[in-house]
$ cat input.txt   # compact mmCIF, C-alpha atoms
# COMPACT_ATOMS: atom_id res chain seq x y z
CA MET C 1 30.27 -49.42 0.78
CA PRO C 2 29.13 -52.89 1.99
CA ARG C 3 30.46 -53.92 5.36
CA VAL C 4 31.16 -57.43 6.62
CA GLY C 5 30.36 -59.27 9.84
CA ARG C 6 27.10 -57.39 10.43
CA ARG C 7 24.34 -59.57 11.89
CA PRO C 8 20.61 -59.00 11.92
CA GLY C 9 19.26 -58.02 15.29
CA ASN C 10 21.98 -55.49 15.93
CA VAL C 11 20.59 -52.25 17.31
CA ASP C 12 23.29 -50.23 15.58
CA THR C 13 22.36 -51.77 12.24
CA ARG C 14 18.74 -50.65 12.57
CA ALA C 15 19.89 -47.17 13.56
CA GLU C 16 22.26 -47.02 10.60
CA ILE C 17 19.49 -48.03 8.23
CA VAL C 18 17.27 -45.29 9.67
CA ASP C 19 20.09 -42.75 9.26
CA ALA C 20 20.64 -43.82 5.67
CA ALA C 21 16.90 -43.62 5.01
CA ARG C 22 16.70 -40.12 6.47
CA ALA C 23 19.49 -38.99 4.14
CA CYS C 24 17.84 -40.63 1.12
CA PHE C 25 14.40 -39.15 1.80
CA ALA C 26 15.94 -35.72 2.37
CA THR C 27 17.80 -35.88 -0.94
CA HIS C 28 15.43 -37.80 -3.20
CA GLY C 29 12.03 -37.38 -1.56
CA PHE C 30 9.63 -40.14 -0.61
CA ASN C 31 8.77 -41.12 -4.17
CA GLY C 32 12.38 -41.04 -5.34
CA THR C 33 13.67 -43.34 -2.59
CA SER C 34 13.59 -47.15 -2.70
CA ILE C 35 14.39 -49.84 -0.13
CA ARG C 36 17.23 -51.01 -2.39
CA HIS C 37 18.59 -47.46 -2.47
CA VAL C 38 18.53 -47.18 1.33
CA ALA C 39 20.17 -50.60 1.73
CA GLN C 40 22.95 -49.58 -0.63
CA GLN C 41 23.46 -46.33 1.25
CA ALA C 42 23.61 -48.21 4.59
CA GLY C 43 25.89 -50.89 3.17
CA VAL C 44 23.50 -53.75 3.97
CA ASP C 45 21.43 -56.26 2.04
CA PRO C 46 17.90 -55.11 1.10
CA ALA C 47 16.57 -58.20 2.89
CA LEU C 48 17.96 -56.81 6.12
CA VAL C 49 16.03 -53.57 5.63
CA HIS C 50 12.89 -55.68 5.15
CA HIS C 51 13.78 -57.57 8.32
CA TYR C 52 13.25 -54.37 10.29
CA PHE C 53 10.65 -52.53 8.21
CA ALA C 54 7.60 -53.97 6.46
CA ASP C 55 7.72 -51.36 3.69
CA LYS C 56 9.02 -47.96 2.68
CA GLY C 57 6.26 -46.25 4.63
CA GLU C 58 7.36 -47.81 7.92
CA LEU C 59 10.92 -46.81 7.16
CA PHE C 60 9.78 -43.25 6.51
CA VAL C 61 7.87 -43.15 9.81
CA ALA C 62 11.04 -44.25 11.63
CA ALA C 63 13.28 -41.85 9.68
CA MET C 64 11.04 -38.87 10.45
CA GLY C 65 10.82 -39.80 14.12
CA MET C 66 7.06 -39.99 13.79
CA ALA C 67 5.22 -41.58 16.67
CA GLY C 68 2.78 -43.48 14.50
CA ASP C 69 1.71 -44.37 11.02
CA PRO C 70 -1.28 -42.27 9.89
CA ARG C 71 -2.72 -45.20 7.95
CA LYS C 72 -2.78 -47.32 11.08
CA VAL C 73 -4.46 -44.49 12.95
CA ALA C 74 -7.09 -44.26 10.24
CA GLU C 75 -7.52 -48.02 9.99
CA ALA C 76 -7.86 -48.49 13.71
CA ALA C 77 -10.61 -45.91 13.86
CA ALA C 78 -12.37 -47.07 10.73
CA ASP C 79 -15.63 -48.97 10.62
CA GLY C 80 -16.63 -49.01 6.97
CA TRP C 81 -17.49 -45.42 6.03
CA GLY C 82 -18.56 -44.97 9.63
CA VAL C 83 -15.14 -43.64 10.64
CA SER C 84 -15.64 -41.71 13.84
CA GLY C 85 -13.92 -38.34 13.76
CA GLU C 86 -13.87 -38.33 17.53
CA ALA C 87 -12.03 -41.67 17.67
CA LEU C 88 -9.64 -40.53 14.95
CA VAL C 89 -8.73 -37.34 16.84
CA GLU C 90 -8.21 -39.20 20.12
CA ARG C 91 -5.93 -41.73 18.44
CA PHE C 92 -4.03 -38.99 16.62
CA LEU C 93 -3.30 -37.30 19.96
CA ALA C 94 -2.43 -40.59 21.69
CA GLN C 95 0.08 -41.41 18.92
CA TRP C 96 1.97 -38.19 19.59
CA GLU C 97 1.72 -38.17 23.39
CA LEU C 98 4.05 -40.95 24.37
CA ASP C 99 3.62 -40.72 28.12
CA GLU C 100 0.25 -41.54 29.57
CA GLY C 101 -1.33 -38.40 30.98
CA SER C 102 1.09 -36.09 29.16
CA THR C 103 -0.26 -33.41 26.85
CA GLU C 104 3.15 -32.58 25.37
CA SER C 105 4.86 -33.99 22.31
CA PRO C 106 8.51 -33.14 21.67
CA THR C 107 8.27 -35.52 18.70
CA PHE C 108 5.56 -33.45 17.02
CA VAL C 109 7.52 -30.26 17.63
CA ALA C 110 10.64 -31.85 16.10
CA MET C 111 8.63 -32.96 13.09
CA VAL C 112 7.16 -29.55 12.30
CA GLN C 113 10.62 -28.02 12.72
CA ALA C 114 12.04 -30.41 10.14
CA LEU C 115 9.14 -29.95 7.73
CA SER C 116 9.02 -26.17 7.90
CA ALA C 117 12.80 -25.87 7.54
CA SER C 118 13.04 -27.87 4.33
CA VAL C 119 10.95 -27.86 1.18
CA GLU C 120 12.25 -31.35 0.41
CA ALA C 121 11.20 -32.69 3.82
CA ALA C 122 7.74 -31.16 3.43
CA GLU C 123 7.39 -32.71 -0.04
CA SER C 124 8.54 -36.09 1.25
CA MET C 125 5.95 -35.97 4.00
CA ARG C 126 3.20 -34.93 1.60
CA ASP C 127 4.02 -37.74 -0.84
CA PHE C 128 4.20 -40.21 2.04
CA LEU C 129 0.79 -39.12 3.33
CA ILE C 130 -0.73 -39.29 -0.14
CA ALA C 131 0.70 -42.78 -0.72
CA ARG C 132 -0.28 -43.99 2.74
CA LEU C 133 -3.75 -42.54 2.99
CA GLY C 134 -4.43 -43.36 -0.66
CA GLU C 135 -4.16 -47.05 0.29
CA PHE C 136 -6.80 -46.59 2.95
CA HIS C 137 -10.13 -47.78 1.61
CA PRO C 138 -12.68 -47.70 4.37
CA GLY C 139 -15.30 -49.88 2.78
CA GLU C 140 -16.62 -48.01 -0.21
CA GLY C 141 -13.63 -46.61 -2.04
CA GLU C 142 -10.55 -44.56 -1.54
CA LEU C 143 -10.28 -41.42 0.47
CA SER C 144 -10.20 -38.60 -2.07
CA ALA C 145 -7.23 -36.23 -2.12
CA GLN C 146 -9.53 -33.42 -1.04
CA ARG C 147 -10.70 -35.29 2.04
CA GLN C 148 -7.14 -36.32 2.89
CA ALA C 149 -5.94 -32.74 2.63
CA LEU C 150 -8.80 -31.33 4.71
CA VAL C 151 -8.50 -33.99 7.43
CA SER C 152 -4.73 -33.38 7.51
CA SER C 153 -5.25 -29.63 7.78
CA GLN C 154 -7.35 -29.97 10.94
CA LEU C 155 -5.16 -32.65 12.55
CA VAL C 156 -1.83 -30.91 11.97
CA GLY C 157 -3.38 -27.60 13.08
CA LEU C 158 -4.60 -29.29 16.24
CA GLY C 159 -1.12 -30.66 16.93
CA TRP C 160 0.32 -27.22 16.26
CA THR C 161 -2.12 -25.58 18.68
CA ARG C 162 -1.68 -28.18 21.44
CA TYR C 163 2.06 -28.96 21.19
CA VAL C 164 3.77 -25.97 19.57
CA MET C 165 1.67 -22.95 20.57
CA ARG C 166 0.35 -24.54 23.78
CA PHE C 167 -2.87 -22.56 23.32
CA GLU C 168 -5.27 -23.17 26.24
CA PRO C 169 -7.67 -24.84 26.80
CA VAL C 170 -6.66 -27.07 23.88
CA ALA C 171 -3.11 -27.52 25.26
CA SER C 172 -4.09 -29.10 28.58
CA ALA C 173 -7.54 -30.57 28.05
CA ASP C 174 -7.61 -34.34 28.12
CA ARG C 175 -7.63 -36.18 24.80
CA ALA C 176 -11.23 -37.29 24.99
CA GLU C 177 -12.42 -33.73 25.53
CA VAL C 178 -10.39 -32.34 22.63
CA ALA C 179 -11.70 -35.21 20.51
CA ARG C 180 -15.29 -34.18 21.28
CA TRP C 181 -14.57 -30.60 20.20
CA VAL C 182 -12.74 -31.44 16.97
CA GLY C 183 -14.25 -34.82 16.01
CA PRO C 184 -17.31 -33.37 14.21
CA THR C 185 -14.97 -31.40 11.90
CA ILE C 186 -13.28 -34.63 10.85
CA ASP C 187 -16.69 -36.29 10.43
CA ARG C 188 -17.75 -33.54 8.06
CA TYR C 189 -14.56 -33.81 5.99
CA LEU C 190 -14.86 -37.59 5.82
CA ALA C 191 -18.54 -37.50 4.88
CA ALA C 192 -19.28 -38.47 1.30
CA GLY C 193 -20.97 -35.15 0.61
CA ALA C 194 -17.87 -33.21 1.57
CA ASP C 195 -16.29 -33.93 -1.79
CA ALA C 196 -18.54 -31.57 -3.62
CA PRO C 197 -20.08 -29.09 -1.20
CA PRO C 198 -19.96 -26.16 -3.65
CA ALA C 199 -21.85 -28.07 -6.33
CA ALA C 200 -24.46 -29.23 -3.85
CA GLY C 201 -24.81 -25.88 -2.13
CA ARG C 202 -24.91 -23.48 -5.07
CA MET K 1 22.50 3.76 23.20
CA PRO K 2 20.48 6.78 21.92
CA ARG K 3 21.60 8.21 18.61
CA VAL K 4 21.36 11.79 17.40
CA GLY K 5 20.17 13.38 14.17
CA ARG K 6 17.52 10.69 13.51
CA ARG K 7 14.34 12.03 11.92
CA PRO K 8 10.89 10.48 11.71
CA GLY K 9 10.04 9.18 8.27
CA ASN K 10 13.37 7.52 7.80
CA VAL K 11 12.98 4.00 6.39
CA ASP K 12 16.04 2.80 8.29
CA THR K 13 14.58 4.01 11.55
CA ARG K 14 11.43 1.98 11.07
CA ALA K 15 13.51 -1.08 10.17
CA GLU K 16 15.70 -0.58 13.24
CA ILE K 17 12.63 -0.36 15.46
CA VAL K 18 11.31 -3.59 13.94
CA ASP K 19 14.69 -5.27 14.52
CA ALA K 20 14.76 -4.11 18.12
CA ALA K 21 11.19 -5.32 18.61
CA ARG K 22 12.02 -8.73 17.17
CA ALA K 23 14.90 -9.08 19.64
CA CYS K 24 12.72 -7.95 22.57
CA PHE K 25 9.85 -10.29 21.72
CA ALA K 26 12.28 -13.18 21.27
CA THR K 27 13.86 -12.55 24.66
CA HIS K 28 10.95 -11.37 26.79
CA GLY K 29 7.89 -12.66 24.96
CA PHE K 30 4.88 -10.63 23.90
CA ASN K 31 3.60 -9.94 27.41
CA GLY K 32 7.07 -9.05 28.74
CA THR K 33 7.80 -6.48 26.03
CA SER K 34 6.68 -2.82 26.09
CA ILE K 35 6.83 -0.02 23.54
CA ARG K 36 9.12 1.85 25.92
CA HIS K 37 11.39 -1.16 26.11
CA VAL K 38 11.61 -1.46 22.32
CA ALA K 39 12.26 2.27 21.97
CA GLN K 40 15.10 2.05 24.47
CA GLN K 41 16.56 -0.92 22.63
CA ALA K 42 16.37 0.92 19.29
CA GLY K 43 17.76 4.13 20.78
CA VAL K 44 14.73 6.23 19.85
CA ASP K 45 11.96 8.06 21.64
CA PRO K 46 8.84 5.99 22.43
CA ALA K 47 6.80 8.62 20.55
CA LEU K 48 8.68 7.66 17.40
CA VAL K 49 7.68 4.02 17.83
CA HIS K 50 4.08 5.20 18.15
CA HIS K 51 4.57 7.27 15.01
CA TYR K 52 5.02 4.04 13.05
CA PHE K 53 2.92 1.58 15.02
CA ALA K 54 -0.48 2.13 16.61
CA ASP K 55 0.21 -0.34 19.40
CA LYS K 56 2.33 -3.28 20.53
CA GLY K 57 0.24 -5.67 18.45
CA GLU K 58 1.03 -3.84 15.20
CA LEU K 59 4.69 -3.83 16.14
CA PHE K 60 4.53 -7.59 16.76
CA VAL K 61 2.87 -8.18 13.39
CA ALA K 62 5.71 -6.27 11.71
CA ALA K 63 8.43 -7.97 13.77
CA MET K 64 7.11 -11.42 12.93
CA GLY K 65 6.86 -10.59 9.24
CA MET K 66 3.15 -11.39 9.40
CA ALA K 67 1.11 -10.32 6.42
CA GLY K 68 -1.88 -9.21 8.46
CA ASP K 69 -3.33 -8.66 11.87
CA PRO K 70 -5.65 -11.51 12.88
CA ARG K 71 -7.92 -9.10 14.73
CA LYS K 72 -8.43 -7.04 11.60
CA VAL K 73 -9.17 -10.21 9.66
CA ALA K 74 -11.77 -11.17 12.23
CA GLU K 75 -13.23 -7.66 12.46
CA ALA K 76 -13.50 -7.29 8.71
CA ALA K 77 -15.43 -10.54 8.46
CA ALA K 78 -17.61 -9.90 11.48
CA ASP K 79 -21.24 -8.96 11.47
CA GLY K 80 -22.38 -9.23 15.08
CA TRP K 81 -22.26 -12.91 16.01
CA GLY K 82 -23.01 -13.60 12.39
CA VAL K 83 -19.34 -13.94 11.54
CA SER K 84 -19.13 -15.90 8.33
CA GLY K 85 -16.56 -18.68 8.53
CA GLU K 86 -16.33 -18.66 4.76
CA ALA K 87 -15.47 -14.95 4.65
CA LEU K 88 -13.00 -15.40 7.50
CA VAL K 89 -11.16 -18.20 5.70
CA GLU K 90 -11.03 -16.26 2.43
CA ARG K 91 -9.60 -13.20 4.18
CA PHE K 92 -7.11 -15.32 6.11
CA LEU K 93 -5.79 -16.71 2.81
CA ALA K 94 -5.77 -13.31 1.12
CA GLN K 95 -3.72 -11.84 3.97
CA TRP K 96 -0.99 -14.41 3.41
CA GLU K 97 -1.05 -14.46 -0.38
CA LEU K 98 0.45 -11.13 -1.26
CA ASP K 99 0.29 -11.46 -5.03
CA GLU K 100 -3.10 -11.60 -6.66
CA GLY K 101 -3.65 -15.05 -8.10
CA SER K 102 -0.79 -16.62 -6.15
CA THR K 103 -1.47 -19.57 -3.89
CA GLU K 104 1.96 -19.44 -2.25
CA SER K 105 3.08 -17.65 0.87
CA PRO K 106 6.78 -17.45 1.67
CA THR K 107 5.75 -15.26 4.61
CA PHE K 108 3.65 -18.00 6.18
CA VAL K 109 6.46 -20.51 5.69
CA ALA K 110 8.93 -18.13 7.35
CA MET K 111 6.56 -17.63 10.26
CA VAL K 112 6.05 -21.33 11.00
CA GLN K 113 9.81 -21.84 10.76
CA ALA K 114 10.38 -19.16 13.38
CA LEU K 115 7.61 -20.44 15.64
CA SER K 116 8.58 -24.11 15.50
CA ALA K 117 12.26 -23.33 16.03
CA SER K 118 11.79 -21.41 19.26
CA VAL K 119 9.62 -22.01 22.29
CA GLU K 120 9.86 -18.30 23.09
CA ALA K 121 8.65 -17.30 19.63
CA ALA K 122 5.74 -19.73 19.86
CA GLU K 123 4.81 -18.35 23.30
CA SER K 124 5.03 -14.79 22.02
CA MET K 125 2.71 -15.62 19.16
CA ARG K 126 0.25 -17.38 21.43
CA ASP K 127 0.14 -14.47 23.88
CA PHE K 128 -0.22 -12.03 20.99
CA LEU K 129 -3.14 -14.01 19.56
CA ILE K 130 -4.81 -14.25 22.96
CA ALA K 131 -4.42 -10.51 23.54
CA ARG K 132 -5.52 -9.63 20.02
CA LEU K 133 -8.44 -11.97 19.62
CA GLY K 134 -9.49 -11.37 23.23
CA GLU K 135 -10.20 -7.76 22.26
CA PHE K 136 -12.47 -8.90 19.49
CA HIS K 137 -16.07 -8.66 20.66
CA PRO K 138 -18.36 -9.43 17.78
CA GLY K 139 -21.53 -8.06 19.28
CA GLU K 140 -22.44 -10.21 22.22
CA GLY K 141 -19.27 -10.79 24.18
CA GLU K 142 -15.72 -11.88 23.87
CA LEU K 143 -14.50 -14.83 21.91
CA SER K 144 -13.76 -17.52 24.49
CA ALA K 145 -10.28 -18.98 24.70
CA GLN K 146 -11.66 -22.30 23.53
CA ARG K 147 -13.17 -20.81 20.40
CA GLN K 148 -10.00 -18.83 19.69
CA ALA K 149 -7.86 -21.95 20.03
CA LEU K 150 -10.11 -24.08 17.84
CA VAL K 151 -10.43 -21.42 15.11
CA SER K 152 -6.64 -20.97 15.22
CA SER K 153 -6.12 -24.72 14.95
CA GLN K 154 -8.07 -24.94 11.70
CA LEU K 155 -6.61 -21.76 10.18
CA VAL K 156 -2.97 -22.55 10.93
CA GLY K 157 -3.50 -26.13 9.77
CA LEU K 158 -4.99 -24.81 6.55
CA GLY K 159 -1.98 -22.53 6.01
CA TRP K 160 0.32 -25.47 6.73
CA THR K 161 -1.48 -27.68 4.21
CA ARG K 162 -1.65 -25.03 1.48
CA TYR K 163 1.72 -23.27 1.88
CA VAL K 164 4.12 -25.68 3.60
CA MET K 165 2.97 -29.15 2.52
CA ARG K 166 1.43 -27.95 -0.78
CA PHE K 167 -1.15 -30.73 -0.43
CA GLU K 168 -3.50 -30.81 -3.47
CA PRO K 169 -6.22 -29.86 -4.15
CA VAL K 170 -6.01 -27.46 -1.18
CA ALA K 171 -2.67 -26.05 -2.39
CA SER K 172 -3.87 -24.76 -5.77
CA ALA K 173 -7.63 -24.30 -5.41
CA ASP K 174 -8.75 -20.70 -5.50
CA ARG K 175 -9.40 -18.97 -2.21
CA ALA K 176 -13.17 -18.89 -2.57
CA GLU K 177 -13.30 -22.62 -3.13
CA VAL K 178 -11.11 -23.43 -0.13
CA ALA K 179 -13.25 -21.05 1.90
CA ARG K 180 -16.38 -23.02 0.98
CA TRP K 181 -14.75 -26.27 2.11
CA VAL K 182 -13.38 -24.97 5.42
CA GLY K 183 -15.79 -22.15 6.28
CA PRO K 184 -18.42 -24.39 7.95
CA THR K 185 -15.74 -25.65 10.37
CA ILE K 186 -15.05 -22.09 11.49
CA ASP K 187 -18.80 -21.44 11.73
CA ARG K 188 -19.16 -24.39 14.07
CA TYR K 189 -16.27 -23.27 16.29
CA LEU K 190 -17.62 -19.71 16.42
CA ALA K 191 -21.17 -20.82 17.20
CA ALA K 192 -22.32 -20.15 20.73
CA GLY K 193 -23.04 -23.82 21.39
CA ALA K 194 -19.49 -24.83 20.56
CA ASP K 195 -18.31 -23.67 23.98
CA ALA K 196 -19.89 -26.55 25.82
CA PRO K 197 -20.54 -29.43 23.45
CA PRO K 198 -19.59 -32.09 26.00
CA ALA K 199 -22.00 -30.75 28.62
CA ALA K 200 -24.80 -30.47 26.09
CA GLY K 201 -24.06 -33.81 24.46
CA ARG K 202 -23.61 -36.09 27.45

$ encode --input "input.txt" --output "structure tokens"
Amino acid sequence: MPRVGRRPGNVDTRAEIVDAARACFATHGFNGTSIRHVAQQAGVDPALVHHYFADKGELFVAAMGMAGDPRKVAEAAADGWGVSGEALVERFLAQWELDEGSTESPTFVAMVQALSASVEAAESMRDFLIARLGEFHPGEGELSAQRQALVSSQLVGLGWTRYVMRFEPVASADRAEVARWVGPTIDRYLAAGADAPPAAGR
Amino acid sequence: MPRVGRRPGNVDTRAEIVDAARACFATHGFNGTSIRHVAQQAGVDPALVHHYFADKGELFVAAMGMAGDPRKVAEAAADGWGVSGEALVERFLAQWELDEGSTESPTFVAMVQALSASVEAAESMRDFLIARLGEFHPGEGELSAQRQALVSSQLVGLGWTRYVMRFEPVASADRAEVARWVGPTIDRYLAAGADAPPAAGR
């Protein structure tokens, strides 16, 4: 149902697009949703959706209430294959902890609630992560699905431990300290050899 | 409200004790709940609760619908300090995957739903894990809170990736293979040196 008199730059318009996107992703998943589809649902022109969001991934990040885009986190920490796990962990935590000095993240808690409550939401998030991280080529090729899944497993588990369970000392330690503890795990998962440890080891 | 004519061995009685325990843990947390308290709530004698459950931890495992007791997982995999991360990961997965050959776990999904939906449930689980893993002395001393939290972070993140997000190849790989990928992470967190990497490193 297209509406008239709507102008770009209206805060309500952006919010309505995000609401429409949330409904589309929930119903059709990340892969089954298009910008055109969301625009139609919100009753606006697709160009207006593009005015606010560079691509479907950014729209998804906004719709899920995520604090940051995982690809940007990975890119910012990347230096060819020399991605530093420690830097990646610190940026991951900083993305979720909106207030400086805070070690809490209501946004992360809200996200895991949404994902664990709905198979569709979990599938949308998985497909988004695969699409987003699949585009991330730090120098020598794409990040394999196995590496993506293993890095994700440690990062989401870290968020779970720090924000949901509030398990000390991980809950209150400063970001840099947590990054020193967990960074080497990410380094191992990102390392080239991690793709085939069984074959190499036995 | 005590009831009469109830006999041990009755399936309904056990279920009613579990229901009462779930309500107590939800309201008072793990530390604030006692066997006596649960018995009172269920209208049975505390001895009857002990008839079904060895201790409060076992009652918590049943109330949360958990497939296994994390202490037993850790004990079974332990060999002095030579706990094998690979064995620990494989047992962790086996505890959640009730059917042989299945790589799904509705039980794990139900648990993360409950924990993310309620601060009290998350706190109960954390206090249970601290109490349970704190008792676990593989040879040379107790598992420090830091090690417990880091091991938990990788295991819960693995469960999340495999059961909730269904992120391939982690979702469908067999347990032994996943254990080879993730085991070294657990080894590093369990290693003595992992307690003070910052001090040692800088």

$ closest_residue --input "input.txt" --among "C:Glu86, C:Asp55, C:Glu123, C:Asp187" --to "chain K" --atoms "all atoms listed in the file"
C:Glu123

$ closest_residue --input "input.txt" --among "C:Leu59, C:Val112, C:Leu88, C:Ala131" --to "chain K" --atoms "only C-alpha atoms"
C:Val112

$ interface_residues --input "input.txt" --of "chain C" --to "chain K" --cutoff "7 Å" --atoms "all atoms listed in the file" --output "short mmCIF file (atom, residue, chain, number, x, y, z; two decimals) with C-alpha atoms, in the frame of the given file"
data_model
loop_
_atom_site.label_atom_id
_atom_site.label_comp_id
_atom_site.auth_asym_id
_atom_site.auth_seq_id
_atom_site.Cartn_x
_atom_site.Cartn_y
_atom_site.Cartn_z
CA VAL C 109 7.52 -30.26 17.63
CA VAL C 112 7.16 -29.55 12.30
CA GLN C 113 10.62 -28.02 12.72
CA SER C 116 9.02 -26.17 7.90
CA ALA C 117 12.80 -25.87 7.54
CA ALA C 122 7.74 -31.16 3.43
CA GLU C 123 7.39 -32.71 -0.04
CA ARG C 126 3.20 -34.93 1.60
CA ALA C 145 -7.23 -36.23 -2.12
CA GLN C 146 -9.53 -33.42 -1.04
CA ALA C 149 -5.94 -32.74 2.63
CA SER C 153 -5.25 -29.63 7.78
CA GLN C 154 -7.35 -29.97 10.94
CA VAL C 156 -1.83 -30.91 11.97
CA GLY C 157 -3.38 -27.60 13.08
CA LEU C 158 -4.60 -29.29 16.24
CA THR C 161 -2.12 -25.58 18.68
CA VAL C 164 3.77 -25.97 19.57
CA MET C 165 1.67 -22.95 20.57
CA PHE C 167 -2.87 -22.56 23.32
CA GLU C 168 -5.27 -23.17 26.24
CA PRO C 169 -7.67 -24.84 26.80
CA VAL C 170 -6.66 -27.07 23.88
CA ARG C 180 -15.29 -34.18 21.28
CA TRP C 181 -14.57 -30.60 20.20
CA THR C 185 -14.97 -31.40 11.90
CA PRO C 197 -20.08 -29.09 -1.20
CA PRO C 198 -19.96 -26.16 -3.65
#

$ atom_distance --input "input.txt" --atom1 "atom CA of Glu100 of chain K" --atom2 "atom CA of Ala62 of chain K"
21.1 Å

$ closest_residue --input "input.txt" --among "C:Ala176, C:Ala94, C:Ala47, C:Ala63" --to "Arg22 of chain C" --atoms "all atoms listed in the file"
C:Ala63

$ axis_aligned_box --input "input.txt" --around "segment 45-54 of chain K" --padding-each-side "3 Å" --output "AutoDock Vina command-line options"
--center_x 5.7 --center_y 5.1 --center_z 17.7 --size_x 18.4 --size_y 13.0 --size_z 15.4

$ residues_around --input "input.txt" --residues "His37 of chain K" --least-positions-apart "4" --cutoff "8 Å" --atoms "only C-alpha atoms" --output "tab-separated table (two decimals) with C-alpha atoms, keeping the file's coordinate frame"
chain	number	residue	atom	x	y	z
K	24	CYS	CA	12.72	-7.95	22.57
K	33	THR	CA	7.80	-6.48	26.03
K	41	GLN	CA	16.56	-0.92	22.63

$ residues_around --input "input.txt" --residues "Val49 of chain C" --least-positions-apart "4" --cutoff "9 Å" --atoms "all atoms listed in the file" --output "list of chain:residue names"
C:Arg14, C:Ile17, C:Ile35, C:Arg36, C:Val38, C:Ala39, C:Val44, C:Asp45, C:Phe53, C:Ala54, C:Asp55, C:Leu59

$ atom_distance --input "input.txt" --atom1 "atom CA of Thr103 of chain C" --atom2 "atom CA of Ser172 of chain C"
6.0 Å

$ atom_distance --input "input.txt" --atom1 "atom CA of Ser105 of chain C" --atom2 "atom CA of Gly29 of chain K"
21.7 Å

$ closest_residue --input "input.txt" --among "K:Leu93, K:Ala23, K:Leu190, K:Met66" --to "Arg175 of chain K" --atoms "only C-alpha atoms"
K:Leu93
